[in-house]
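Asker: So that you have it, the file is my_file22.cif, and it contains mmCIF, C-alpha atoms and all ligand atoms:
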```cif
data_protein
loop_
_atom_site.label_atom_id
_atom_site.label_comp_id
_atom_site.auth_asym_id
_atom_site.auth_seq_id
_atom_site.Cartn_x
_atom_site.Cartn_y
_atom_site.Cartn_z
CA ALA A 1 101.84 113.20 89.06
CA CYS A 2 101.05 114.09 85.49
CA SER A 3 103.86 113.34 83.03
CA THR A 4 104.41 112.98 79.30
CA ASP A 5 103.31 109.35 79.78
CA HIS A 6 99.80 110.68 80.34
CA ILE A 7 97.68 111.89 77.47
CA LEU A 8 95.04 113.34 79.80
CA CYS A 9 95.33 114.74 83.32
CA THR A 10 92.75 116.47 85.48
CA TRP A 11 93.50 118.38 88.69
CA GLY A 12 90.86 119.31 91.23
CA VAL A 13 88.05 119.37 88.70
CA ALA A 14 84.82 120.49 90.38
CA ARG A 15 81.34 121.12 89.02
CA GLU A 16 78.28 122.25 90.92
CA PHE A 17 74.69 122.38 89.74
CA GLY A 18 72.61 124.59 92.03
CA GLY A 19 73.93 123.15 95.27
CA VAL A 20 74.55 119.63 93.94
CA GLN A 21 78.29 118.94 93.90
CA ALA A 22 78.44 116.72 90.80
CA LEU A 23 82.27 116.63 90.77
CA ARG A 24 84.57 117.38 93.70
CA GLY A 25 88.29 117.71 93.19
CA VAL A 26 88.67 115.05 90.52
CA ASP A 27 92.32 114.10 89.86
CA LEU A 28 92.66 111.57 87.09
CA HIS A 29 95.54 110.46 84.86
CA VAL A 30 95.07 108.55 81.64
CA THR A 31 98.22 106.78 80.44
CA ARG A 32 99.00 106.99 76.73
CA GLY A 33 98.07 103.80 74.94
CA SER A 34 95.87 102.53 77.78
CA ILE A 35 92.24 101.55 78.00
CA THR A 36 91.25 103.21 81.26
CA GLY A 37 87.91 102.47 82.92
CA LEU A 38 85.65 104.97 84.68
CA ILE A 39 83.04 103.34 86.91
CA GLY A 40 80.71 104.39 89.70
CA PRO A 41 77.07 104.15 90.74
CA ASN A 42 74.38 106.11 88.90
CA GLY A 43 74.60 109.81 89.61
CA SER A 44 78.24 109.63 90.69
CA GLY A 45 79.35 112.16 88.05
CA LYS A 46 80.74 110.06 85.21
CA THR A 47 78.84 111.72 82.39
CA THR A 48 79.42 115.15 83.88
CA LEU A 49 83.16 114.46 83.83
CA PHE A 50 82.96 113.54 80.13
CA GLN A 51 80.95 116.70 79.46
CA VAL A 52 83.62 118.78 81.15
CA ILE A 53 86.62 117.06 79.51
CA SER A 54 85.09 117.34 76.03
CA GLY A 55 84.35 121.05 76.52
CA MET A 56 80.58 120.61 76.28
CA ASP A 57 80.09 121.70 79.87
CA ARG A 58 82.22 124.75 80.50
CA GLY A 59 81.07 125.49 84.04
CA ALA A 60 83.72 123.49 85.89
CA THR A 61 86.73 124.69 87.88
CA GLY A 62 90.16 123.08 88.24
CA SER A 63 92.44 122.24 85.34
CA ILE A 64 92.69 119.69 82.58
CA SER A 65 95.53 119.00 80.19
CA PHE A 66 95.31 117.00 77.01
CA ASP A 67 98.55 116.07 75.26
CA GLY A 68 100.38 118.67 77.35
CA GLU A 69 97.99 121.54 76.56
CA PRO A 70 95.45 123.09 78.93
CA ILE A 71 91.94 122.49 77.58
CA LEU A 72 89.52 123.48 80.36
CA GLY A 73 87.44 126.36 79.01
CA ARG A 74 88.17 125.59 75.35
CA ARG A 75 85.36 125.06 72.92
CA PRO A 76 84.37 121.46 72.06
CA SER A 77 85.43 121.94 68.43
CA GLN A 78 88.94 123.03 69.48
CA ILE A 79 89.30 120.04 71.78
CA TYR A 80 88.01 117.69 69.09
CA GLN A 81 90.43 119.11 66.54
CA ARG A 82 93.33 118.42 68.87
CA GLY A 83 92.38 114.75 68.79
CA LEU A 84 90.06 114.19 71.73
CA ALA A 85 86.70 112.71 70.68
CA ARG A 86 83.75 111.22 72.53
CA THR A 87 80.63 109.17 72.00
CA PHE A 88 77.30 109.70 73.75
CA GLN A 89 75.16 107.39 75.84
CA LEU A 90 72.38 107.65 73.30
CA SER A 91 73.18 107.34 69.63
CA ARG A 92 73.39 110.57 67.65
CA VAL A 93 73.32 109.15 64.16
CA PHE A 94 71.72 111.45 61.56
CA PRO A 95 68.46 109.60 60.78
CA GLU A 96 67.95 110.86 57.23
CA LEU A 97 71.55 110.45 56.03
CA THR A 98 72.83 107.13 54.80
CA VAL A 99 75.35 105.23 56.88
CA LEU A 100 78.14 106.22 54.50
CA GLU A 101 77.09 109.88 54.60
CA ASN A 102 77.01 109.74 58.40
CA LEU A 103 80.69 108.83 58.31
CA VAL A 104 81.77 111.09 55.46
CA VAL A 105 80.35 114.22 57.14
CA ALA A 106 82.68 113.58 60.07
CA GLY A 107 85.60 114.15 57.68
CA SER A 108 89.08 112.86 58.22
CA ARG A 109 92.58 114.08 58.97
CA HIS A 110 93.92 111.45 56.60
CA ASP A 111 95.30 111.78 53.10
CA ARG A 112 93.39 108.71 52.03
CA SER A 113 90.00 109.59 50.64
CA VAL A 114 87.33 110.08 53.27
CA ARG A 115 84.95 107.76 51.47
CA GLU A 116 87.49 104.99 51.26
CA ARG A 117 88.28 105.29 54.93
CA ALA A 118 84.56 105.16 55.81
CA LEU A 119 84.03 102.04 53.72
CA GLY A 120 87.07 100.43 55.29
CA LEU A 121 85.68 101.03 58.77
CA LEU A 122 82.26 99.64 57.77
CA GLU A 123 83.94 96.56 56.32
CA ARG A 124 85.85 96.02 59.54
CA VAL A 125 82.63 95.87 61.62
CA ARG A 126 80.73 93.94 58.91
CA LEU A 127 78.34 96.82 58.14
CA ARG A 128 79.59 97.36 54.59
CA ASP A 129 76.26 96.13 53.19
CA TYR A 130 74.48 98.90 55.09
CA ALA A 131 76.49 101.77 53.59
CA GLY A 132 73.48 102.97 51.59
CA ALA A 133 70.86 102.45 54.31
CA ARG A 134 69.46 105.46 56.14
CA GLY A 135 70.51 105.95 59.76
CA LYS A 136 66.93 105.65 60.97
CA ASN A 137 66.57 102.20 59.41
CA LEU A 138 69.37 100.67 61.44
CA SER A 139 68.83 98.80 64.67
CA TYR A 140 69.73 100.67 67.84
CA GLY A 141 72.93 98.64 68.21
CA GLN A 142 73.95 99.30 64.60
CA GLN A 143 73.35 103.02 65.15
CA LYS A 144 75.61 102.99 68.17
CA LEU A 145 78.29 101.23 66.17
CA VAL A 146 77.97 103.77 63.35
CA GLU A 147 78.28 106.59 65.86
CA PHE A 148 81.46 104.99 67.13
CA LEU A 149 82.80 104.72 63.57
CA ARG A 150 81.96 108.38 63.00
CA VAL A 151 84.21 109.28 65.90
CA LEU A 152 86.96 107.14 64.38
CA MET A 153 86.83 109.08 61.11
CA SER A 154 88.92 111.84 62.64
CA ASP A 155 91.48 109.34 63.96
CA PRO A 156 91.50 110.76 67.51
CA ALA A 157 94.38 110.11 69.90
CA LEU A 158 91.98 109.76 72.84
CA ILE A 159 88.39 108.54 72.71
CA LEU A 160 85.92 108.88 75.57
CA LEU A 161 83.30 106.12 75.37
CA ASP A 162 80.10 106.61 77.37
CA GLU A 163 78.51 103.18 77.82
CA PRO A 164 79.06 102.25 74.18
CA ALA A 165 77.59 98.74 74.58
CA ALA A 166 74.40 99.70 76.45
CA GLY A 167 71.37 98.36 74.60
CA VAL A 168 73.53 96.66 71.97
CA ASN A 169 73.00 92.95 71.21
CA PRO A 170 75.78 90.52 72.21
CA THR A 171 77.10 90.04 68.66
CA LEU A 172 77.49 93.74 67.92
CA ARG A 173 78.80 94.29 71.43
CA GLN A 174 81.57 91.80 70.72
CA THR A 175 82.33 93.57 67.43
CA LEU A 176 82.51 96.88 69.27
CA TRP A 177 84.92 95.67 71.96
CA ASP A 178 87.04 93.88 69.34
CA MET A 179 87.27 97.17 67.45
CA VAL A 180 88.30 99.02 70.62
CA ARG A 181 91.01 96.45 71.26
CA HIS A 182 92.17 96.59 67.64
CA LEU A 183 92.44 100.40 67.69
CA ASN A 184 94.14 100.31 71.05
CA GLY A 185 96.70 97.98 69.50
CA LEU A 186 97.32 100.66 66.88
CA GLY A 187 97.91 103.26 69.59
CA THR A 188 94.53 104.87 70.33
CA THR A 189 93.92 105.61 74.01
CA PHE A 190 90.45 105.05 75.54
CA LEU A 191 88.64 106.27 78.64
CA VAL A 192 85.53 104.13 79.02
CA ILE A 193 82.39 104.39 81.15
CA GLU A 194 81.03 100.86 81.42
CA HIS A 195 78.80 99.06 83.91
CA ASN A 196 79.73 95.51 82.97
CA MET A 197 82.53 94.56 85.35
CA GLU A 198 83.60 91.60 83.23
CA VAL A 199 84.28 93.98 80.37
CA ILE A 200 86.14 96.37 82.67
CA ALA A 201 88.23 93.53 84.10
CA ASP A 202 88.97 92.19 80.65
CA LEU A 203 89.74 95.43 78.86
CA CYS A 204 91.09 98.00 81.30
CA SER A 205 94.64 98.23 82.61
CA SER A 206 93.56 100.93 85.03
CA VAL A 207 90.21 101.83 86.58
CA TYR A 208 88.96 104.95 88.35
CA VAL A 209 85.96 104.77 90.66
CA LEU A 210 83.70 107.77 91.17
CA SER A 211 81.24 108.09 94.02
CA GLU A 212 79.24 111.23 94.72
CA GLY A 213 81.56 113.26 92.54
CA GLU A 214 84.77 112.03 94.12
CA ILE A 215 87.42 109.57 92.96
CA ILE A 216 87.34 107.02 95.78
CA ALA A 217 89.73 104.45 94.29
CA HIS A 218 91.95 103.77 91.32
CA GLY A 219 94.27 101.01 90.20
CA ASP A 220 93.95 97.77 88.28
CA PHE A 221 90.67 95.88 88.54
CA ALA A 222 92.02 93.38 91.05
CA ALA A 223 92.97 96.25 93.36
CA ILE A 224 89.70 98.19 93.20
CA ARG A 225 87.28 95.24 93.25
CA ASN A 226 87.87 94.54 96.93
CA ASP A 227 88.42 98.11 98.01
CA GLU A 228 86.30 98.90 101.08
CA ARG A 229 85.18 102.27 99.77
CA VAL A 230 84.20 100.81 96.41
CA LEU A 231 82.12 98.04 98.00
CA GLU A 232 80.47 100.60 100.21
CA ALA A 233 79.70 102.93 97.31
CA TYR A 234 78.09 100.10 95.34
CA PHE A 235 76.38 98.09 98.03
CA GLY A 236 76.11 100.47 100.98
CA LYS A 237 76.87 99.38 104.49
P1 LIG B 301 76.51 109.48 86.16
O1 LIG B 301 76.90 109.72 84.74
O2 LIG B 301 77.61 108.90 86.99
O3 LIG B 301 75.24 108.70 86.30
P2 LIG B 301 75.94 112.33 86.16
O4 LIG B 301 77.21 112.96 85.79
O5 LIG B 301 74.91 112.18 85.10
O6 LIG B 301 76.22 110.90 86.85
O7 LIG B 301 75.28 113.13 87.37
C1 LIG B 301 75.99 113.52 88.54
C2 LIG B 301 75.14 114.43 89.39
O8 LIG B 301 75.02 115.71 88.77
C3 LIG B 301 73.71 113.94 89.58
O9 LIG B 301 73.30 114.31 90.90
C4 LIG B 301 72.95 114.70 88.53
O10 LIG B 301 71.59 114.86 88.92
C5 LIG B 301 73.68 116.04 88.51
N1 LIG B 301 73.63 116.71 87.19
C6 LIG B 301 74.24 116.28 86.07
N2 LIG B 301 74.02 117.12 85.05
C7 LIG B 301 73.22 118.10 85.53
C8 LIG B 301 72.62 119.28 84.98
N3 LIG B 301 72.83 119.61 83.70
N4 LIG B 301 71.87 120.05 85.79
C9 LIG B 301 71.67 119.71 87.07
N5 LIG B 301 72.19 118.64 87.66
C10 LIG B 301 72.96 117.83 86.92
#
```
Take the structure I supplied and represent it as structure tokens, if you would.
Ligand code: ADP
Answerer:
Amino acid sequence: ACSTDHILCTWGVAREFGGVQALRGVDLHVTRGSITGLIGPNGSGKTTLFQVISGMDRGATGSISFDGEPILGRRPSQIYQRGLARTFQLSRVFPELTVLENLVVAGSRHDRSVRERALGLLERVRLRDYAGARGKNLSYGQQKLVEFLRVLMSDPALILLDEPAAGVNPTLRQTLWDMVRHLNGLGTTFLVIEHNMEVIADLCSSVYVLSEGEIIAHGDFAAIRNDERVLEAYFGK
């Protein structure tokens, strides 16, 4: 059951697109301070669930609470302001702004100057030298990292990551996961869509498995990896 230990809970979340049941009765609990994984074959509903939780898709039924408050039906900006942020599968860096501007426009809830915070984040991921470069001149992996930093500018309590490492080179990927771990150590909670099972095993204390819009298993990686329904969903029978 959902308790104050959980920063995010969903109950019976369902979403249909013209006869396609993209989500069916999704119950999910994200423990405060955890890195929780969300896996499942292509088309199983992972991105749709992120769309619904973040308020970008408002056509779902059921209920969702974030930090004890109902959020289903709220506007994305309201949800974001409460401290729930997300990244997208494809980078959404502003191409004509510089890297520093990309971060500064995201603002900050901190007293420390926004610019200083942005530079600190860039330093941390070794992109400080790129502060003045335009978004469009970064590599794809660097853009994804900058998008991640932009989300961090608001210091969210919960971050939804949608395949943050996809298309990113191994070095930057390592930087990204190190940053996730570092922030998690400072108290940020993560819900992560990721296809690389080594990363999931390594990073996540709890994993939910979606198949055809339904949660078919959840638990730690060791528990779900040999689950009959999970094997069937991934490899068929
Ligand atoms: P995943 O992220 O796990 O790959 P998605 O959430 O993208 O899965 O998709 C789940 C199902 O919902 C798929 O059958 C997909 O075609 C359908 N779907 C997702 N978004 C839309 C949409 N905007 N309109 C119609 N169908 C959609």
Asker: Mind listing the residues within 7 Å of ligand LIG 301 (chain B), all atoms listed in the file counted, as a ChimeraX atom specification?
Answerer: /A:17,20-22,40-49,213
Asker: Using only C-alpha atoms, which of the listed residues (A:Leu203, A:Leu158, A:Leu145, A:Leu100) sits closest to Arg181 (chain A)?
Answerer: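 Among A:Leu203, A:Leu158, A:Leu145, A:Leu100, it is A:Leu203 that comes nearest to Arg181 (chain A).
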Asker: I'd like the interatomic distance between CA of Thr175 (chain A) and CA of Arg126 (chain A), to a tenth of an Å.
Answerer: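 Separation of CA of Thr175 (chain A) and CA of Arg126 (chain A): 8.7 Å.
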Asker: Rank A:Ser139, A:Thr4, A:Ser113, A:Ser154 by their smallest atom-to-atom distance to Tyr80 (chain A), using all atoms listed in the file, and report the top residue only.
Answerer: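 Ranked by minimum distance to Tyr80 (chain A), first place goes to A:Ser154.
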Asker: Here is a test: counting all atoms listed in the file, which residue of A:Ser77, A:Ser34, A:Ser54, A:Gln143 is nearest to Leu90 (chain A)?
Answerer: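 Ranking A:Ser77, A:Ser34, A:Ser54, A:Gln143 by distance to Leu90 (chain A), first place goes to A:Gln143.
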Asker: Have a look at CA of Leu38 (chain A) and CA of Leu8 (chain A) and let me know their distance in Å, one decimal.
Answerer: 13.5 Å
Asker: May I ask for the distance between CA of Arg225 (chain A) and CA of Glu194 (chain A), given in Å to one decimal place?
Answerer: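 CA of Glu194 (chain A) lies 14.5 Å from CA of Arg225 (chain A).
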Asker: Give the answer as one residue: which of A:Leu121, A:Ile200, A:Val104, A:Ala233 has the shortest atom-to-atom distance to Glu212 (chain A), using all atoms listed in the file?
Answerer: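 Looking at the shortest contact to Glu212 (chain A), the residue is A:Ala233.
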Asker: Which is closer to Leu138 (chain A) than all the others in A:Gln51, A:Thr188, A:Thr98, A:Thr87, using all atoms listed in the file?
Answerer: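 Among A:Gln51, A:Thr188, A:Thr98, A:Thr87, it is A:Thr98 that comes nearest to Leu138 (chain A).
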Asker: Find the residues near Arg92 (chain A): any atom within 8 Å, counting only C-alpha atoms, skip ones fewer than 3 places away on the same chain, and give them as a list of chain:residue names.
Answerer: A:Phe88, A:Gln143, A:Lys144, A:Glu147
Asker: Quick one: everything within 6 Å of Thr31 (chain A), counting all atoms listed in the file, minus sequence neighbours fewer than 4 positions away in the same chain. Send it as a PDB file with C-alpha atoms, in the frame of the given file.
Answerer:
```pdb
ATOM      1  CA  ASP A   5     103.310 109.350  79.780  1.00  0.00           C
ATOM      2  CA  HIS A   6      99.800 110.680  80.340  1.00  0.00           C
ATOM      3  CA  ILE A   7      97.680 111.890  77.470  1.00  0.00           C
TER       4      ILE A   7
END
```
Asker: With a distance cut-off of 7 Å and only C-alpha atoms, select the neighbouring residues of Leu172 (chain A), excluding the residue or stretch itself and same-chain residues fewer than 4 positions from it, and output the selection as a ChimeraX atom specification.
Answerer: /A:141,168,176
Asker: Using only C-alpha atoms, which of A:Asp67, A:Glu163, A:Asp178, A:Glu214 sits nearest Val13 (chain A)?
Answerer: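 The shortest atom-to-atom distance to Val13 (chain A) comes from A:Glu214.
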Asker: Residues at most 10 Å from Glu96 (chain A), counting all atoms listed in the file, excluding those fewer than 3 positions away in the same chain, as a PDB file with C-alpha atoms, in the frame of the given file?
Answerer:
```pdb
ATOM      1  CA  VAL A  93      73.320 109.150  64.160  1.00  0.00           C
ATOM      2  CA  VAL A  99      75.350 105.230  56.880  1.00  0.00           C
ATOM      3  CA  GLU A 101      77.090 109.880  54.600  1.00  0.00           C
ATOM      4  CA  ASN A 102      77.010 109.740  58.400  1.00  0.00           C
ATOM      5  CA  ALA A 133      70.860 102.450  54.310  1.00  0.00           C
ATOM      6  CA  ARG A 134      69.460 105.460  56.140  1.00  0.00           C
ATOM      7  CA  GLY A 135      70.510 105.950  59.760  1.00  0.00           C
ATOM      8  CA  LYS A 136      66.930 105.650  60.970  1.00  0.00           C
ATOM      9  CA  ASN A 137      66.570 102.200  59.410  1.00  0.00           C
TER      10      ASN A 137
END
```
Asker: Show me, as JSON, numbers by chain, the residues that have an atom within 8 Å of Thr61 (chain A) when counting all atoms listed in the file, minus same-chain residues fewer than 4 positions from it.
Answerer: {"A": [12, 13, 14, 15]}
